[in-house]
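Next comes query.cif, a file with mmCIF, C-alpha atoms; chains and numbers go by the auth columns.
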```cif
data_final
#
loop_
_atom_site.group_PDB
_atom_site.id
_atom_site.type_symbol
_atom_site.label_atom_id
_atom_site.label_comp_id
_atom_site.label_asym_id
_atom_site.label_seq_id
_atom_site.Cartn_x
_atom_site.Cartn_y
_atom_site.Cartn_z
_atom_site.B_iso_or_equiv
_atom_site.auth_seq_id
_atom_site.auth_asym_id
ATOM 1 C CA ASP A 1 0.000 0.000 0.000 0.00 1 C
ATOM 2 C CA THR A 2 1.652 3.230 -1.160 0.00 2 C
ATOM 3 C CA GLU A 3 -1.222 5.612 -0.551 0.00 3 C
ATOM 4 C CA VAL A 4 -2.372 8.189 1.926 0.00 4 C
ATOM 5 C CA THR A 5 -6.132 7.961 2.331 0.00 5 C
ATOM 6 C CA GLN A 6 -8.181 10.931 3.459 0.00 6 C
ATOM 7 C CA THR A 7 -11.835 10.984 4.475 0.00 7 C
ATOM 8 C CA PRO A 8 -14.206 12.534 3.816 0.00 8 C
ATOM 9 C CA LYS A 9 -13.413 13.885 0.340 0.00 9 C
ATOM 10 C CA HIS A 10 -15.874 16.743 0.782 0.00 10 C
ATOM 11 C CA LEU A 11 -17.279 18.341 3.939 0.00 11 C
ATOM 12 C CA VAL A 12 -19.690 21.201 4.476 0.00 12 C
ATOM 13 C CA MET A 13 -20.032 22.408 8.039 0.00 13 C
ATOM 14 C CA GLY A 14 -21.598 25.273 9.919 0.00 14 C
ATOM 15 C CA MET A 15 -19.623 27.622 12.111 0.00 15 C
ATOM 16 C CA THR A 16 -20.984 26.000 15.279 0.00 16 C
ATOM 17 C CA ASN A 17 -20.354 22.416 14.172 0.00 17 C
ATOM 18 C CA LYS A 18 -17.652 20.009 15.339 0.00 18 C
ATOM 19 C CA LYS A 19 -16.213 17.706 12.715 0.00 19 C
ATOM 20 C CA SER A 20 -13.077 15.651 12.144 0.00 20 C
ATOM 21 C CA LEU A 21 -10.890 14.967 9.139 0.00 21 C
ATOM 22 C CA LYS A 22 -9.164 11.613 8.977 0.00 22 C
ATOM 23 C CA CYS A 23 -5.958 10.432 7.355 0.00 23 C
ATOM 24 C CA GLU A 24 -4.485 6.940 7.154 0.00 24 C
ATOM 25 C CA GLN A 25 -1.302 5.426 5.737 0.00 25 C
ATOM 26 C CA HIS A 26 0.212 1.940 5.909 0.00 26 C
ATOM 27 C CA MET A 27 3.660 2.639 4.480 0.00 27 C
ATOM 28 C CA GLY A 28 5.380 2.570 7.858 0.00 28 C
ATOM 29 C CA HIS A 29 6.001 6.301 7.680 0.00 29 C
ATOM 30 C CA ARG A 30 6.637 7.862 11.077 0.00 30 C
ATOM 31 C CA ALA A 31 6.112 11.516 10.100 0.00 31 C
ATOM 32 C CA MET A 32 2.647 12.793 9.221 0.00 32 C
ATOM 33 C CA TYR A 33 1.511 16.251 8.230 0.00 33 C
ATOM 34 C CA TRP A 34 -1.501 18.501 7.800 0.00 34 C
ATOM 35 C CA TYR A 35 -1.432 21.166 5.120 0.00 35 C
ATOM 36 C CA LYS A 36 -4.025 23.787 4.172 0.00 36 C
ATOM 37 C CA GLN A 37 -4.358 24.880 0.556 0.00 37 C
ATOM 38 C CA LYS A 38 -6.426 27.823 -0.648 0.00 38 C
ATOM 39 C CA ALA A 39 -7.361 28.177 -4.299 0.00 39 C
ATOM 40 C CA LYS A 40 -4.433 28.996 -6.610 0.00 40 C
ATOM 41 C CA LYS A 41 -1.994 28.965 -3.693 0.00 41 C
ATOM 42 C CA PRO A 42 0.658 26.476 -2.581 0.00 42 C
ATOM 43 C CA PRO A 43 -0.032 24.149 0.347 0.00 43 C
ATOM 44 C CA GLU A 44 0.804 25.740 3.713 0.00 44 C
ATOM 45 C CA LEU A 45 2.117 23.594 6.537 0.00 45 C
ATOM 46 C CA MET A 46 -0.083 23.428 9.639 0.00 46 C
ATOM 47 C CA PHE A 47 1.201 20.561 11.805 0.00 47 C
ATOM 48 C CA VAL A 48 3.909 17.905 11.808 0.00 48 C
ATOM 49 C CA TYR A 49 3.816 14.714 13.853 0.00 49 C
ATOM 50 C CA SER A 50 7.026 12.756 14.229 0.00 50 C
ATOM 51 C CA TYR A 51 6.843 9.338 15.907 0.00 51 C
ATOM 52 C CA GLU A 52 3.299 10.169 17.032 0.00 52 C
ATOM 53 C CA LYS A 53 4.416 13.324 18.822 0.00 53 C
ATOM 54 C CA LEU A 54 3.507 16.832 17.690 0.00 54 C
ATOM 55 C CA SER A 55 6.807 18.344 16.569 0.00 55 C
ATOM 56 C CA ILE A 56 5.719 21.424 14.620 0.00 56 C
ATOM 57 C CA ASN A 57 2.681 23.691 15.014 0.00 57 C
ATOM 58 C CA GLU A 58 2.858 26.562 12.569 0.00 58 C
ATOM 59 C CA SER A 59 0.911 28.964 14.815 0.00 59 C
ATOM 60 C CA VAL A 60 -2.393 27.417 13.809 0.00 60 C
ATOM 61 C CA PRO A 61 -5.529 28.718 15.611 0.00 61 C
ATOM 62 C CA SER A 62 -6.822 26.478 18.381 0.00 62 C
ATOM 63 C CA ARG A 63 -10.060 25.814 16.486 0.00 63 C
ATOM 64 C CA PHE A 64 -7.905 23.268 14.617 0.00 64 C
ATOM 65 C CA SER A 65 -6.825 20.413 16.885 0.00 65 C
ATOM 66 C CA PRO A 66 -4.635 17.608 15.524 0.00 66 C
ATOM 67 C CA GLU A 67 -4.430 14.135 16.964 0.00 67 C
ATOM 68 C CA CYS A 68 -2.214 11.163 16.127 0.00 68 C
ATOM 69 C CA PRO A 69 -3.761 8.056 17.767 0.00 69 C
ATOM 70 C CA ASN A 70 -1.135 5.691 16.322 0.00 70 C
ATOM 71 C CA SER A 71 1.564 5.544 13.677 0.00 71 C
ATOM 72 C CA SER A 72 -0.944 4.986 10.856 0.00 72 C
ATOM 73 C CA LEU A 73 -3.641 7.508 11.699 0.00 73 C
ATOM 74 C CA LEU A 74 -3.836 11.279 11.826 0.00 74 C
ATOM 75 C CA ASN A 75 -6.929 13.294 12.649 0.00 75 C
ATOM 76 C CA LEU A 76 -7.757 16.969 12.473 0.00 76 C
ATOM 77 C CA HIS A 77 -10.578 18.033 14.772 0.00 77 C
ATOM 78 C CA LEU A 78 -12.474 21.137 13.732 0.00 78 C
ATOM 79 C CA HIS A 79 -14.592 23.357 15.964 0.00 79 C
ATOM 80 C CA ALA A 80 -16.047 26.853 15.579 0.00 80 C
ATOM 81 C CA LEU A 81 -14.484 27.406 12.174 0.00 81 C
ATOM 82 C CA GLN A 82 -14.860 30.557 10.116 0.00 82 C
ATOM 83 C CA PRO A 83 -15.810 30.843 6.426 0.00 83 C
ATOM 84 C CA GLU A 84 -12.201 31.832 5.648 0.00 84 C
ATOM 85 C CA ASP A 85 -11.136 28.378 6.848 0.00 85 C
ATOM 86 C CA SER A 86 -12.739 26.909 3.743 0.00 86 C
ATOM 87 C CA ALA A 87 -9.929 25.225 1.817 0.00 87 C
ATOM 88 C CA LEU A 88 -8.466 21.923 0.677 0.00 88 C
ATOM 89 C CA TYR A 89 -6.908 20.138 3.661 0.00 89 C
ATOM 90 C CA LEU A 90 -4.096 17.812 2.690 0.00 90 C
ATOM 91 C CA CYS A 91 -2.515 15.058 4.715 0.00 91 C
ATOM 92 C CA ALA A 92 0.953 13.745 3.911 0.00 92 C
ATOM 93 C CA SER A 93 3.375 11.228 5.343 0.00 93 C
ATOM 94 C CA SER A 94 7.086 10.568 5.035 0.00 94 C
ATOM 95 C CA GLN A 95 10.010 8.676 6.501 0.00 95 C
ATOM 96 C CA ALA A 96 10.820 10.741 9.570 0.00 96 C
ATOM 97 C CA GLY A 97 14.153 12.496 9.732 0.00 97 C
ATOM 98 C CA THR A 98 15.339 11.567 6.244 0.00 98 C
ATOM 99 C CA GLY A 99 13.484 14.145 4.189 0.00 99 C
ATOM 100 C CA GLY A 100 12.323 11.449 1.850 0.00 100 C
ATOM 101 C CA GLY A 101 9.269 9.643 0.593 0.00 101 C
ATOM 102 C CA TYR A 102 6.706 12.386 1.028 0.00 102 C
ATOM 103 C CA THR A 103 3.316 11.171 -0.132 0.00 103 C
ATOM 104 C CA PHE A 104 0.183 13.278 -0.178 0.00 104 C
ATOM 105 C CA GLY A 105 -3.437 12.276 0.053 0.00 105 C
ATOM 106 C CA SER A 106 -6.068 13.696 -2.296 0.00 106 C
ATOM 107 C CA GLY A 107 -7.359 16.033 0.376 0.00 107 C
ATOM 108 C CA THR A 108 -10.646 16.987 1.992 0.00 108 C
ATOM 109 C CA ARG A 109 -12.449 19.899 0.384 0.00 109 C
ATOM 110 C CA LEU A 110 -13.898 21.807 3.362 0.00 110 C
ATOM 111 C CA THR A 111 -16.564 24.461 3.058 0.00 111 C
ATOM 112 C CA VAL A 112 -17.593 26.430 6.153 0.00 112 C
ATOM 113 C CA VAL A 113 -20.998 28.087 5.896 0.00 113 C
ATOM 114 C CA GLY B 1 12.962 33.349 6.736 0.00 1 N
ATOM 115 C CA GLU B 2 12.564 30.233 4.659 0.00 2 N
ATOM 116 C CA SER B 3 10.974 30.636 1.292 0.00 3 N
ATOM 117 C CA VAL B 4 10.829 28.884 -2.002 0.00 4 N
ATOM 118 C CA GLY B 5 9.601 30.750 -5.019 0.00 5 N
ATOM 119 C CA LEU B 6 8.982 30.290 -8.699 0.00 6 N
ATOM 120 C CA HIS B 7 9.830 32.742 -11.441 0.00 7 N
ATOM 121 C CA LEU B 8 6.755 32.356 -13.663 0.00 8 N
ATOM 122 C CA PRO B 9 3.135 31.805 -12.630 0.00 9 N
ATOM 123 C CA THR B 10 2.103 30.431 -16.056 0.00 10 N
ATOM 124 C CA LEU B 11 4.003 28.634 -18.807 0.00 11 N
ATOM 125 C CA SER B 12 2.538 27.725 -22.213 0.00 12 N
ATOM 126 C CA VAL B 13 4.325 25.066 -24.241 0.00 13 N
ATOM 127 C CA GLN B 14 3.592 23.458 -27.595 0.00 14 N
ATOM 128 C CA GLU B 15 2.743 19.780 -27.394 0.00 15 N
ATOM 129 C CA GLY B 16 5.850 17.768 -28.135 0.00 16 N
ATOM 130 C CA ASP B 17 8.263 20.506 -27.081 0.00 17 N
ATOM 131 C CA ASN B 18 10.345 20.422 -23.909 0.00 18 N
ATOM 132 C CA SER B 19 9.173 22.360 -20.843 0.00 19 N
ATOM 133 C CA ILE B 20 11.451 24.026 -18.323 0.00 20 N
ATOM 134 C CA ILE B 21 10.015 25.192 -15.009 0.00 21 N
ATOM 135 C CA ASN B 22 12.246 27.189 -12.698 0.00 22 N
ATOM 136 C CA CYS B 23 12.395 27.696 -8.965 0.00 23 N
ATOM 137 C CA ALA B 24 14.515 29.806 -6.628 0.00 24 N
ATOM 138 C CA TYR B 25 15.049 28.940 -2.983 0.00 25 N
ATOM 139 C CA SER B 26 16.564 30.945 -0.174 0.00 26 N
ATOM 140 C CA ASN B 27 17.385 28.517 2.646 0.00 27 N
ATOM 141 C CA SER B 28 20.977 27.345 2.338 0.00 28 N
ATOM 142 C CA ALA B 29 20.319 24.724 5.025 0.00 29 N
ATOM 143 C CA SER B 30 17.806 22.869 2.851 0.00 30 N
ATOM 144 C CA ASP B 31 19.259 19.576 1.677 0.00 31 N
ATOM 145 C CA TYR B 32 16.350 17.969 -0.089 0.00 32 N
ATOM 146 C CA PHE B 33 14.268 19.313 -2.967 0.00 33 N
ATOM 147 C CA ILE B 34 11.146 17.918 -4.538 0.00 34 N
ATOM 148 C CA TRP B 35 8.973 18.679 -7.549 0.00 35 N
ATOM 149 C CA TYR B 36 5.249 18.027 -7.307 0.00 36 N
ATOM 150 C CA LYS B 37 2.516 18.036 -9.924 0.00 37 N
ATOM 151 C CA GLN B 38 -0.990 18.977 -8.874 0.00 38 N
ATOM 152 C CA GLU B 39 -3.990 18.454 -11.090 0.00 39 N
ATOM 153 C CA SER B 40 -7.311 20.107 -10.423 0.00 40 N
ATOM 154 C CA GLY B 41 -9.111 18.625 -7.423 0.00 41 N
ATOM 155 C CA LYS B 42 -6.217 16.357 -6.466 0.00 42 N
ATOM 156 C CA GLY B 43 -3.392 16.366 -3.969 0.00 43 N
ATOM 157 C CA PRO B 44 0.219 17.043 -4.990 0.00 44 N
ATOM 158 C CA GLN B 45 1.799 14.111 -6.794 0.00 45 N
ATOM 159 C CA PHE B 46 5.512 13.403 -6.394 0.00 46 N
ATOM 160 C CA ILE B 47 7.465 13.758 -9.652 0.00 47 N
ATOM 161 C CA ILE B 48 11.146 13.700 -8.791 0.00 48 N
ATOM 162 C CA ASP B 49 13.471 14.708 -5.986 0.00 49 N
ATOM 163 C CA ILE B 50 17.128 15.585 -5.542 0.00 50 N
ATOM 164 C CA ARG B 51 19.460 15.893 -2.588 0.00 51 N
ATOM 165 C CA SER B 52 21.910 18.714 -2.126 0.00 52 N
ATOM 166 C CA ASN B 53 24.919 16.483 -2.813 0.00 53 N
ATOM 167 C CA MET B 54 23.745 16.088 -6.422 0.00 54 N
ATOM 168 C CA ASP B 55 23.313 18.574 -9.257 0.00 55 N
ATOM 169 C CA LYS B 56 21.248 16.506 -11.664 0.00 56 N
ATOM 170 C CA ARG B 57 18.818 13.644 -11.497 0.00 57 N
ATOM 171 C CA GLN B 58 16.831 12.035 -14.272 0.00 58 N
ATOM 172 C CA GLY B 59 13.569 10.171 -14.256 0.00 59 N
ATOM 173 C CA GLN B 60 11.200 9.076 -16.952 0.00 60 N
ATOM 174 C CA ARG B 61 10.853 12.130 -19.255 0.00 61 N
ATOM 175 C CA VAL B 62 11.803 14.443 -16.377 0.00 62 N
ATOM 176 C CA THR B 63 15.102 15.896 -15.210 0.00 63 N
ATOM 177 C CA VAL B 64 15.761 18.013 -12.148 0.00 64 N
ATOM 178 C CA LEU B 65 18.759 20.332 -12.013 0.00 65 N
ATOM 179 C CA LEU B 66 20.080 21.888 -8.830 0.00 66 N
ATOM 180 C CA ASN B 67 22.460 24.840 -8.790 0.00 67 N
ATOM 181 C CA LYS B 68 23.426 25.450 -5.178 0.00 68 N
ATOM 182 C CA THR B 69 25.654 28.397 -6.048 0.00 69 N
ATOM 183 C CA VAL B 70 22.691 30.504 -7.139 0.00 70 N
ATOM 184 C CA LYS B 71 20.045 28.522 -5.189 0.00 71 N
ATOM 185 C CA HIS B 72 18.163 27.537 -8.296 0.00 72 N
ATOM 186 C CA LEU B 73 16.156 24.444 -9.104 0.00 73 N
ATOM 187 C CA SER B 74 14.605 23.516 -12.423 0.00 74 N
ATOM 188 C CA LEU B 75 12.346 20.813 -13.780 0.00 75 N
ATOM 189 C CA GLN B 76 12.677 19.765 -17.391 0.00 76 N
ATOM 190 C CA ILE B 77 9.880 17.761 -19.017 0.00 77 N
ATOM 191 C CA ALA B 78 10.760 16.172 -22.341 0.00 78 N
ATOM 192 C CA ALA B 79 8.225 15.887 -25.183 0.00 79 N
ATOM 193 C CA THR B 80 5.432 17.585 -23.271 0.00 80 N
ATOM 194 C CA GLN B 81 2.060 15.856 -23.515 0.00 81 N
ATOM 195 C CA PRO B 82 -1.507 17.059 -22.835 0.00 82 N
ATOM 196 C CA GLY B 83 -1.500 15.024 -19.631 0.00 83 N
ATOM 197 C CA ASP B 84 1.322 17.196 -18.321 0.00 84 N
ATOM 198 C CA SER B 85 -1.093 20.123 -17.895 0.00 85 N
ATOM 199 C CA ALA B 86 -1.117 20.924 -14.187 0.00 86 N
ATOM 200 C CA VAL B 87 0.346 23.217 -11.560 0.00 87 N
ATOM 201 C CA TYR B 88 3.934 22.371 -10.688 0.00 88 N
ATOM 202 C CA PHE B 89 5.375 23.156 -7.268 0.00 89 N
ATOM 203 C CA CYS B 90 8.927 22.956 -6.081 0.00 90 N
ATOM 204 C CA ALA B 91 9.441 22.267 -2.398 0.00 91 N
ATOM 205 C CA GLU B 92 12.415 22.216 -0.045 0.00 92 N
ATOM 206 C CA SER B 93 13.137 20.396 3.156 0.00 93 N
ATOM 207 C CA GLY B 94 15.797 20.001 5.807 0.00 94 N
ATOM 208 C CA ARG B 95 16.117 17.463 8.610 0.00 95 N
ATOM 209 C CA ASP B 96 13.207 18.890 10.592 0.00 96 N
ATOM 210 C CA ASP B 97 10.559 16.939 8.608 0.00 97 N
ATOM 211 C CA LYS B 98 9.197 20.241 7.346 0.00 98 N
ATOM 212 C CA ILE B 99 8.657 20.865 3.649 0.00 99 N
ATOM 213 C CA ILE B 100 7.959 24.318 2.286 0.00 100 N
ATOM 214 C CA PHE B 101 6.320 24.852 -1.087 0.00 101 N
ATOM 215 C CA GLY B 102 7.023 27.472 -3.701 0.00 102 N
ATOM 216 C CA LYS B 103 4.289 29.496 -5.365 0.00 103 N
ATOM 217 C CA GLY B 104 3.602 27.164 -8.281 0.00 104 N
ATOM 218 C CA THR B 105 3.684 27.377 -12.071 0.00 105 N
ATOM 219 C CA ARG B 106 0.678 26.442 -14.183 0.00 106 N
ATOM 220 C CA LEU B 107 1.753 24.556 -17.300 0.00 107 N
ATOM 221 C CA HIS B 108 -0.527 24.926 -20.346 0.00 108 N
ATOM 222 C CA ILE B 109 -0.046 22.598 -23.292 0.00 109 N
ATOM 223 C CA LEU B 110 -0.860 24.112 -26.670 0.00 110 N
ATOM 224 C CA PRO B 111 -2.124 21.757 -29.398 0.00 111 N
#
```

Encoded form using structure tokens:
Amino acid sequence: DTEVTQTPKHLVMGMTNKKSLKCEQHMGHRAMYWYKQKAKKPPELMFVYSYEKLSINESVPSRFSPECPNSSLLNLHLHALQPEDSALYLCASSQAGTGGGYTFGSGTRLTVV
Amino acid sequence: GESVGLHLPTLSVQEGDNSIINCAYSNSASDYFIWYKQESGKGPQFIIDIRSNMDKRQGQRVTVLLNKTVKHLSLQIAATQPGDSAVYFCAESGRDDKIIFGKGTRLHILP
């Protein structure tokens, strides 16, 4: 299995809702990432988990809460989002510490209404 | 701070010709560079990578060149095909498991 799987593919949520994005990989990668991508812009790093520990938080607002339950799973919990948070949320994984093997999922298209 | 940028937002190339997409980076500490292709509605797809101890690497129809002296990275696509239409991003990384993307170049293939 050489894929990163993200669910759901599309999500529409209200500003008072709580939802979660999920990401899964079975490549044995020990680094996992969340990126946010707005239209016609490059992906922007949000969080990095290395060996299931949060290693980088790029000053992301607390309404985004990441979680890494085990080495194969990565979640992003969403609460009280704003319309400007609407974007494509991408998960990626790689071999930790080697800078290699980055693989991205297809993303979750999030719309906040 | 760290940044990776691209020189041209859009590139139009005749089908069958070679495409060259350029990228400039600013972080001398970066030791790993990647090119990604992103089609509409999809996540970035790995094309080719290169480490800082190399200056050239070839794949199938693609070549990446790295010039550390001027901090320049390029992607060459041979015999460009309609399926090559996409946005191309360069990205850089060090040992902190953090990859930073450049602005992206949209490649248009002309019939």

Expand the PyMOL selection byres ((chain N) within 8 of (chain C)) into the explicit residue set it covers here, and present it as an mmCIF file with C-alpha atoms, keeping the file's coordinate frame.
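Listed below is the output, part-v3.cif:
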```
data_model
loop_
_atom_site.group_PDB
_atom_site.id
_atom_site.type_symbol
_atom_site.label_atom_id
_atom_site.label_comp_id
_atom_site.auth_asym_id
_atom_site.auth_seq_id
_atom_site.Cartn_x
_atom_site.Cartn_y
_atom_site.Cartn_z
ATOM 1 C CA TYR N 32 16.350 17.969 -0.089
ATOM 2 C CA GLY N 41 -9.111 18.625 -7.423
ATOM 3 C CA LYS N 42 -6.217 16.357 -6.466
ATOM 4 C CA GLY N 43 -3.392 16.366 -3.969
ATOM 5 C CA PRO N 44 0.219 17.043 -4.990
ATOM 6 C CA GLN N 45 1.799 14.111 -6.794
ATOM 7 C CA PHE N 46 5.512 13.403 -6.394
ATOM 8 C CA PHE N 89 5.375 23.156 -7.268
ATOM 9 C CA SER N 93 13.137 20.396 3.156
ATOM 10 C CA GLY N 94 15.797 20.001 5.807
ATOM 11 C CA ARG N 95 16.117 17.463 8.610
ATOM 12 C CA ASP N 96 13.207 18.890 10.592
ATOM 13 C CA ASP N 97 10.559 16.939 8.608
ATOM 14 C CA LYS N 98 9.197 20.241 7.346
ATOM 15 C CA ILE N 99 8.657 20.865 3.649
ATOM 16 C CA ILE N 100 7.959 24.318 2.286
ATOM 17 C CA PHE N 101 6.320 24.852 -1.087
ATOM 18 C CA GLY N 102 7.023 27.472 -3.701
ATOM 19 C CA LYS N 103 4.289 29.496 -5.365
ATOM 20 C CA GLY N 104 3.602 27.164 -8.281
#
```

Practice task
Check which residues satisfy the PyMOL selection byres ((chain N and resi 83) around 10) in the file shown, then give them as a list in words.
Solution key: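 Written out, the selection comes to Glu39, Thr80, Gln81, Pro82, Asp84, Ser85, Ala86, His108 and Ile109 of chain N.
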
Practice task
Kindly indicate which residue among N:Ala79, N:Leu107, N:Tyr88, N:Lys71 lies nearest to N:Asn27, using all atoms listed in the file for the distances.
Solution key: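 Selected residue with least distance to N:Asn27: N:Lys71.
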
Exercise for the section: Please write the residues picked by the PyMOL selection byres ((chain C and resi 112) around 12) on this file as number ranges by chain. Expected result: C: 10-19, 78-88, 109-111, 113

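A straight line drawn from atom CA of N:Lys37 to atom CA of C:Val4 is 16.2 Å long.
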
Problem - Pairwise distance for atom CA of N:Ile48 and atom CA of N:Pro111, rounded to one decimal in Å - result: 25.8 Å

Fill in the blank from the handout: From atom CA of C:Pro61 to atom CA of C:Cys23 the spacing works out at 20.1 Å

Handout entry: Of the listed residues C:Ala39, C:Lys22, C:Gly28, C:Ser71, that which approaches C:Thr2 most closely, counting only C-alpha atoms
Key =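 Answer, going by the shortest atom-to-atom distance: C:Gly28.
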
Complete stretch 16-31 of chain N with N, CA and C atoms (output as a compact mmCIF listing (two decimals), in the frame of the given file).
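Dumped everything to result.txt:
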```txt
# COMPACT_ATOMS: atom_id res chain seq x y z
N GLY N 16 4.68 18.38 -27.51
CA GLY N 16 5.85 17.77 -28.14
C GLY N 16 7.16 18.49 -27.83
N ASP N 17 7.06 19.77 -27.46
CA ASP N 17 8.26 20.51 -27.08
C ASP N 17 8.68 20.15 -25.65
N ASN N 18 9.88 20.60 -25.29
CA ASN N 18 10.34 20.42 -23.91
C ASN N 18 9.89 21.60 -23.05
N SER N 19 9.57 21.32 -21.79
CA SER N 19 9.17 22.36 -20.84
C SER N 19 10.27 22.52 -19.80
N ILE N 20 10.51 23.76 -19.41
CA ILE N 20 11.45 24.03 -18.32
C ILE N 20 10.76 24.92 -17.31
N ILE N 21 10.64 24.44 -16.10
CA ILE N 21 10.02 25.19 -15.01
C ILE N 21 11.09 25.49 -13.98
N ASN N 22 11.17 26.75 -13.58
CA ASN N 22 12.25 27.19 -12.70
C ASN N 22 11.76 27.50 -11.30
N CYS N 23 12.69 27.46 -10.37
CA CYS N 23 12.40 27.70 -8.96
C CYS N 23 13.64 28.27 -8.30
N ALA N 24 13.42 29.26 -7.43
CA ALA N 24 14.52 29.81 -6.63
C ALA N 24 14.22 29.52 -5.17
N TYR N 25 15.24 29.17 -4.42
CA TYR N 25 15.05 28.94 -2.98
C TYR N 25 16.04 29.80 -2.22
N SER N 26 15.73 30.01 -0.94
CA SER N 26 16.56 30.94 -0.17
C SER N 26 17.26 30.30 1.03
N ASN N 27 16.83 29.12 1.45
CA ASN N 27 17.39 28.52 2.65
C ASN N 27 18.58 27.63 2.31
N SER N 28 19.76 28.11 2.63
CA SER N 28 20.98 27.34 2.34
C SER N 28 21.04 26.03 3.10
N ALA N 29 20.29 25.93 4.20
CA ALA N 29 20.32 24.72 5.03
C ALA N 29 19.46 23.60 4.44
N SER N 30 18.64 23.92 3.46
CA SER N 30 17.81 22.87 2.85
C SER N 30 18.69 21.88 2.13
N ASP N 31 18.42 20.59 2.32
CA ASP N 31 19.26 19.58 1.68
C ASP N 31 18.46 18.60 0.84
```
